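**Student:** One structure follows; several queries about it will come next.
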Amino acid sequence: MEKDLYKNMVRKIITLHDPGDEDFLIKSLKISGGKLIKRLPLVDGYLCEFPSEADFALAVRVDNERIEVDEDIEFRLCWFYYPYVPISKPVDKPIPAAPIYSAEKAGWGLRRIGAPQVWEKLKRRRVRVGIIDTGIDYNHPDLTGNIKGGINTIDGFSPQQFMDDYGHGTHIAGIIGATGRNARFIGINPYVDFYTVKAFDRKGKGNLSDIIEGLDWLYSNQVEIINMSFSTMETNNTFRRAIRYLDERGVILVAAAGNDGGSDSVNYPGRFPEVIAVSATDRLDRIASFSSTGPEVNFCAPGVEIPSAWLNKGYELKSGTSFAAPHISGIATDLLNYYGYMSPTKVKEMMASGAVKISHLAKEQQGLGIVELPRIIS
């Protein structure tokens, strides 16, 4: 049974200044009635649960200089609700062995960034992409061949239970790397290997501890790019360390700017300097009314009424900076496919060289502008 992330217990992420102090932590938990929920080796941390704040205070009252405590921050997905808009019925037919290139199978967002113009130039090199989200529908015919692994960090780290029961993660994956084999939709780069982390439940909610556990698993699977279409207004040292750790090891991190609208409203993780933050535009290159903006925005990308894969072999239109971010993740996969490995800094430089500034948008709305693939892959 899926655990309830929001029951009335107090959860804290505890980091030991000396990793050898785990016995001290376990004893403190016993005294206070707390329990260890999971270890978070990426940050040398532990997710611990306590019956109340008073019990938590009891656990850390002695030798509290030996530990650091952070909140298990809650995150939300960055999609803007529209009524159910199916764009195709499921198709049951034999699946071809290779992608079927056709500009007609590209959504307007893919055409705007010039993805169809570079499809035939892509090489057979596979690019490993991590998606932290609601999982992926691994039975979808346009995705199944590209899914190489997955875990569920909200339900006991179960490898077999990363099936998407919400739709959001499936839509993200389709934008980046749908194969077009179902004769309906093709993504930016069909030559990707997906490693998915189900860290958000069927209500679209997730917690920092599950995200960090997922980041650790993705790093162990040597992913090159991680898409994070979620956000929060809060941050803490634990989250900061996790992001910095991955950036220093060459992982390209892409995140939605957030859906809070207005100015100076970019959320975390997009607000971190190591992360490529993406705002959302519409078909007329206008900034979406819901899109967060601010000096942290690196690029803008299509994010309004974006078509992609959905649950039960279907396809739907969705809007949000959630769906702008995978356009940039997809562009990054094309760069790594065509040119080979690059550092996160080099990827940003390459994208900047192919970015076009939109004259009627302020810099805080678009960053360096919208990236057009034919300008950097020719």
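Every chain in the structure tokens has a letter given in the order shown (A, B, ...), and although residue numbers restart at 1 in each chain, ligands are simply numbered from 1 in the order shown.
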Which neighbours of segment 107-111 of chain A fall inside 12 Å, counting only C-alpha atoms, when residues of the same chain fewer than 6 positions from it are skipped, and could you give them as a ChimeraX atom specification?
**Tutor:** /A:87,117-119,174-178,180,184-189,280-285,300-309,315-319,323-328,330-331,370-374
**Student:** Taking only segment 1-233 of chain A into account, list the residues labelled strand (DSSP E) by DSSP (computed from the backbone), as JSON, numbers by chain.
**Tutor:** {"A": [10, 11, 12, 13, 14, 15, 16, 35, 36, 37, 38, 39, 40, 45, 46, 47, 48, 49, 50, 67, 68, 69, 70, 71, 74, 75, 76, 77, 86, 87, 88, 127, 128, 129, 130, 131, 132, 133, 147, 148, 149, 150, 151, 152, 192, 193, 194, 195, 196, 197, 198, 205, 206, 207, 225, 226, 227, 228, 230, 231]}
**Student:** Find the nearest atom pair between each residue of segment 29-64 of chain A and segment 236-244 of chain A for residues within 9 Å, count only C-alpha atoms, give distances in Å to one decimal, sort rows by chain and ascending number, and present the table as a tab-separated table.
**Tutor:**
residue	atom	partner	partner_atom	distance
A:Leu42	CA	A:Ala242	CA	6.6
A:Val43	CA	A:Ala242	CA	6.1
A:Gly45	CA	A:Thr238	CA	8.2
**Student:** Kindly provide the residues of segment 199-287 of chain A that approach segment 347-362 of chain A to within 12 Å, each paired with its closest atom pair and their distance in Å to one decimal, based on only C-alpha atoms, listed by chain and increasing number, as a Markdown table.
**Tutor:**
| residue | atom | partner | partner_atom | distance |
| --- | --- | --- | --- | --- |
| A:Glu224 | CA | A:Val347 | CA | 11.3 |
| A:Ile225 | CA | A:Val347 | CA | 10.7 |
| A:Gly250 | CA | A:Val347 | CA | 10.5 |
| A:Val251 | CA | A:Val347 | CA | 10.6 |
| A:Ile252 | CA | A:Val347 | CA | 8.0 |
| A:Leu253 | CA | A:Lys348 | CA | 10.5 |
| A:Val254 | CA | A:Lys348 | CA | 10.6 |
| A:Ser263 | CA | A:Ala362 | CA | 10.3 |
| A:Pro273 | CA | A:Lys348 | CA | 11.7 |
| A:Glu274 | CA | A:Lys348 | CA | 10.4 |
| A:Val275 | CA | A:Lys348 | CA | 10.0 |
| A:Ile276 | CA | A:Lys348 | CA | 7.9 |
| A:Ala277 | CA | A:Lys348 | CA | 11.0 |
| A:Ser279 | CA | A:Leu361 | CA | 11.5 |
| A:Ala280 | CA | A:Leu361 | CA | 11.7 |
| A:Thr281 | CA | A:Leu361 | CA | 10.1 |
| A:Leu284 | CA | A:Ile358 | CA | 10.3 |
| A:Asp285 | CA | A:Ile358 | CA | 7.2 |
| A:Arg286 | CA | A:Leu361 | CA | 7.3 |
| A:Ile287 | CA | A:Leu361 | CA | 7.3 |
**Student:** Please compute the atom CA of Ser343 of chain A-atom CA of Ile376 of chain A distance, one decimal, in Å.
**Tutor:**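 Interatomic distance here is 16.2 Å.
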**Student:** List every residue of segment 169-236 of chain A that DSSP, applied to the backbone, labels as alpha helix (DSSP H), and write the result as a VMD selection string.
**Tutor:** chain A and resid 169 to 177 208 to 220
**Student:** So, counting only C-alpha atoms, which residue among A:Cys78, A:Ile31, A:Leu122, A:Leu311 is closest to Asp260 of chain A?
**Tutor:**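 Comparing A:Cys78, A:Ile31, A:Leu122, A:Leu311 against Asp260 of chain A, the winner is A:Cys78.
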**Student:** Using only C-alpha atoms for the distances, tell me which of A:Ala173, A:Leu29, A:Ile147, A:Met9 is nearest to Pro51 of chain A.
**Tutor:**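 Looking at the shortest contact to Pro51 of chain A, the residue is A:Met9.
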**Student:** Can you tell me which residues surround Lys198 of chain A at a distance of at most 6 Å, considering only C-alpha atoms, apart from same-chain residues fewer than 3 positions away, and format the answer as a list in words?
**Tutor:**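 Skipping anything fewer than 3 positions along the chain leaves Asp133, Thr134, Gly135, Asn152 and Phe162 of chain A.
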**Student:** Mind dumping the selected residues with N, CA and C atoms as a compact mmCIF listing (two decimals), in the first residue's frame?
**Tutor:**
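Writing the result to again-v9.txt gives the following:
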# COMPACT_ATOMS: atom_id res chain seq x y z
N ASP A 133 9.72 12.14 -10.98
CA ASP A 133 8.36 12.58 -11.26
C ASP A 133 7.37 11.57 -10.67
N THR A 134 6.29 11.30 -11.41
CA THR A 134 5.25 10.38 -10.96
C THR A 134 5.42 8.98 -11.55
N GLY A 135 6.61 8.71 -12.09
CA GLY A 135 6.85 7.44 -12.77
C GLY A 135 6.60 7.58 -14.26
N ASN A 152 10.72 3.24 -7.16
CA ASN A 152 9.67 3.96 -6.45
C ASN A 152 10.23 4.31 -5.07
N PHE A 162 7.20 1.52 -10.35
CA PHE A 162 7.35 2.90 -10.80
C PHE A 162 6.34 3.25 -11.89
**Student:** In terms of the shortest atom-to-atom distance over only C-alpha atoms, which of A:Arg271, A:Glu49, A:Pro41, A:Gly262 is closest to Ser220 of chain A?
**Tutor:** A:Pro41
**Student:** Suppose you want the space between atom CA of Gly204 of chain A and atom CA of Ile226 of chain A; what is it in Å?
**Tutor:** 18.6 Å
**Student:** Out of A:Gly294, A:Gly167, A:Gly214, A:Gly150, which residue has the shortest atom-to-atom distance to Trp79 of chain A when counting only C-alpha atoms?
**Tutor:**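 With only C-alpha atoms as the atom set, the closest residue is A:Gly167.
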**Student:** If I take atom CA of Ala288 of chain A and atom CA of Ser231 of chain A, how far is one from the other in Å, to one decimal?
**Tutor:**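 Computed distance, atom CA of Ala288 of chain A to atom CA of Ser231 of chain A, equals 16.9 Å.
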**Student:** Could you name the residues that touch Phe230 of chain A at 7 Å or less, counting only C-alpha atoms, but leaving out those on the same chain fewer than 4 positions away, as a PyMOL selection string?
**Tutor:** chain A and resi 75-78+256+322
**Student:** Excluding Ile67 of chain A and any residue of its chain fewer than 6 positions from it, enumerate the residues within 8 Å of it, using only C-alpha atoms, and give them as a compact mmCIF listing (two decimals) with N, CA and C atoms, in the first residue's frame.
**Tutor:**
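Output saved as around17.txt:
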# COMPACT_ATOMS: atom_id res chain seq x y z
N ILE A 14 18.05 14.33 9.19
CA ILE A 14 19.14 14.55 10.14
C ILE A 14 20.45 14.15 9.47
N THR A 15 21.39 15.07 9.48
CA THR A 15 22.73 14.81 8.93
C THR A 15 23.73 14.79 10.08
N LEU A 16 24.58 13.79 10.07
CA LEU A 16 25.62 13.67 11.08
C LEU A 16 26.89 14.34 10.60
N HIS A 17 27.48 15.17 11.43
CA HIS A 17 28.75 15.79 11.05
C HIS A 17 29.85 14.73 10.93
